[in-house]
>>> print(open('entry.txt').read())   # compact mmCIF, C-alpha atoms
# COMPACT_ATOMS: atom_id res chain seq x y z
CA MET S 1 99.24 -54.65 57.12
CA PRO S 2 100.53 -57.87 55.52
CA LYS S 3 100.89 -60.95 57.68
CA PHE S 4 104.29 -62.12 58.92
CA GLU S 5 104.46 -64.99 56.44
CA GLU S 6 103.62 -62.69 53.52
CA CYS S 7 106.29 -60.19 54.60
CA LEU S 8 108.87 -62.91 54.96
CA GLN S 9 108.03 -64.35 51.54
CA ARG S 10 108.33 -60.91 49.94
CA LEU S 11 111.66 -60.35 51.71
CA GLU S 12 112.96 -63.61 50.25
CA GLY S 13 111.85 -62.45 46.79
CA ILE S 14 113.62 -59.12 47.22
CA VAL S 15 116.85 -60.85 48.23
CA LYS S 16 116.71 -63.14 45.19
CA GLU S 17 116.10 -60.17 42.87
CA MET S 18 118.97 -58.19 44.36
CA GLU S 19 121.37 -61.15 44.35
CA LYS S 20 121.08 -61.38 40.57
CA GLY S 21 122.97 -58.08 40.41
CA ASP S 22 121.41 -56.94 37.13
CA LEU S 23 119.00 -54.31 38.50
CA PRO S 24 119.42 -50.61 37.85
CA LEU S 25 120.58 -48.65 40.90
CA GLU S 26 117.24 -46.86 41.32
CA GLN S 27 115.30 -50.14 41.37
CA SER S 28 117.82 -51.69 43.78
CA LEU S 29 117.35 -48.76 46.17
CA LYS S 30 113.56 -49.08 46.01
CA LEU S 31 113.78 -52.80 46.75
CA PHE S 32 116.21 -52.14 49.60
CA GLU S 33 113.85 -49.58 51.15
CA GLU S 34 110.91 -51.98 50.79
CA GLY S 35 113.00 -54.71 52.42
CA ILE S 36 113.87 -52.49 55.38
CA THR S 37 110.19 -51.66 55.89
CA LEU S 38 109.17 -55.32 55.68
CA SER S 39 111.99 -56.32 58.02
CA GLY S 40 110.78 -53.81 60.61
CA SER S 41 107.24 -55.11 60.30
CA CYS S 42 108.42 -58.71 60.82
CA ARG S 43 110.48 -57.66 63.84
CA LYS S 44 107.48 -55.95 65.45
CA GLU S 45 105.31 -59.02 64.91
CA LEU S 46 107.97 -61.29 66.41
CA GLU S 47 108.33 -59.04 69.44
CA ALA S 48 104.55 -59.05 69.94
CA ALA S 49 104.43 -62.83 69.63
CA GLU S 50 107.30 -63.21 72.09
CA GLY S 51 105.25 -61.34 74.68
CA LYS S 52 102.41 -63.83 74.28
CA ILE S 53 104.47 -67.00 74.66
CA GLU S 54 104.01 -68.80 77.93
CA ILE S 55 105.87 -71.65 79.51
CA LEU S 56 104.52 -74.22 81.91
CA LEU S 57 106.31 -74.51 85.21
CA LYS S 58 105.79 -77.17 87.82
CA LYS S 59 105.73 -75.69 91.30
CA ASP S 60 104.43 -77.41 94.39
CA GLY S 61 103.26 -80.34 92.28
CA ARG S 62 101.08 -78.15 90.05
CA LEU S 63 101.58 -76.82 86.54
CA ARG S 64 101.36 -73.07 86.22
CA ALA S 65 101.62 -70.87 83.12
CA GLU S 66 104.14 -68.06 83.27
CA ALA S 67 105.20 -65.52 80.66
CA PHE S 68 108.31 -66.61 78.79
CA GLY S 69 111.39 -64.48 79.36
CA ASP S 70 110.61 -63.30 82.90
CA GLY S 71 114.02 -64.32 84.10
CA VAL S 72 112.94 -67.91 84.61
CA GLU S 73 115.65 -70.42 83.82
CA SER S 74 114.83 -73.98 82.82
CA LYS S 75 116.72 -76.74 84.60
>>> encode(input="entry.txt", output="structure tokens")
Amino acid sequence: MPKFEECLQRLEGIVKEMEKGDLPLEQSLKLFEEGITLSGSCRKELEAAEGKIEILLKKDGRLRAEAFGDGVESK
């Protein structure tokens, strides 16, 4: 499976190719399908990374790591 950065770079290339507007319909459809697949892959990687992000909270004078997005609001 390609890395996030590689997928994103390929997605940018697909957009540039399609924006030119001079591709045959069949090739445009293939690029679109590839883009959808890459987009899904990027989304999954971002969701996995989001689950790993932690924030530091100061409670009772001590710093404590807590998973980001657990309903904790920063003040």
>>> atom_distance(input="entry.txt", atom1="CA of Gln9 (chain S)", atom2="CA of Ser39 (chain S)")
11.1 Å
>>> residues_around(input="entry.txt", residues="Ile14 (chain S)", least_positions_apart="3", cutoff="12 Å", atoms="all atoms listed in the file", output="NGL selection string")
:S and (7-11 or 17-21 or 23 or 27-39)
>>> write_last_selection(input="entry.txt", atoms="C-alpha atoms", output="PDB file, keeping the file's coordinate frame")
ATOM      1  CA  CYS S   7     106.290 -60.190  54.600  1.00  0.00           C
ATOM      2  CA  LEU S   8     108.870 -62.910  54.960  1.00  0.00           C
ATOM      3  CA  GLN S   9     108.030 -64.350  51.540  1.00  0.00           C
ATOM      4  CA  ARG S  10     108.330 -60.910  49.940  1.00  0.00           C
ATOM      5  CA  LEU S  11     111.660 -60.350  51.710  1.00  0.00           C
ATOM      6  CA  GLU S  17     116.100 -60.170  42.870  1.00  0.00           C
ATOM      7  CA  MET S  18     118.970 -58.190  44.360  1.00  0.00           C
ATOM      8  CA  GLU S  19     121.370 -61.150  44.350  1.00  0.00           C
ATOM      9  CA  LYS S  20     121.080 -61.380  40.570  1.00  0.00           C
ATOM     10  CA  GLY S  21     122.970 -58.080  40.410  1.00  0.00           C
ATOM     11  CA  LEU S  23     119.000 -54.310  38.500  1.00  0.00           C
ATOM     12  CA  GLN S  27     115.300 -50.140  41.370  1.00  0.00           C
ATOM     13  CA  SER S  28     117.820 -51.690  43.780  1.00  0.00           C
ATOM     14  CA  LEU S  29     117.350 -48.760  46.170  1.00  0.00           C
ATOM     15  CA  LYS S  30     113.560 -49.080  46.010  1.00  0.00           C
ATOM     16  CA  LEU S  31     113.780 -52.800  46.750  1.00  0.00           C
ATOM     17  CA  PHE S  32     116.210 -52.140  49.600  1.00  0.00           C
ATOM     18  CA  GLU S  33     113.850 -49.580  51.150  1.00  0.00           C
ATOM     19  CA  GLU S  34     110.910 -51.980  50.790  1.00  0.00           C
ATOM     20  CA  GLY S  35     113.000 -54.710  52.420  1.00  0.00           C
ATOM     21  CA  ILE S  36     113.870 -52.490  55.380  1.00  0.00           C
ATOM     22  CA  THR S  37     110.190 -51.660  55.890  1.00  0.00           C
ATOM     23  CA  LEU S  38     109.170 -55.320  55.680  1.00  0.00           C
ATOM     24  CA  SER S  39     111.990 -56.320  58.020  1.00  0.00           C
TER      25      SER S  39
END
>>> atom_distance(input="entry.txt", atom1="CA of Lys52 (chain S)", atom2="CA of Lys3 (chain S)")
16.9 Å
>>> atom_distance(input="entry.txt", atom1="CA of Ser41 (chain S)", atom2="CA of Asp22 (chain S)")
27.2 Å
>>> axis_aligned_box(input="entry.txt", around="region 26-45 of chain S", padding_each_side="6 Å", output="JSON")
{"center_x": 111.6, "center_y": -52.9, "center_z": 53.4, "size_x": 24.5, "size_y": 24.2, "size_z": 36.1}
>>> closest_residue(input="entry.txt", among="S:Ala65, S:Cys42, S:Pro24, S:Glu47", to="Glu5 (chain S)", atoms="all atoms listed in the file")
S:Cys42
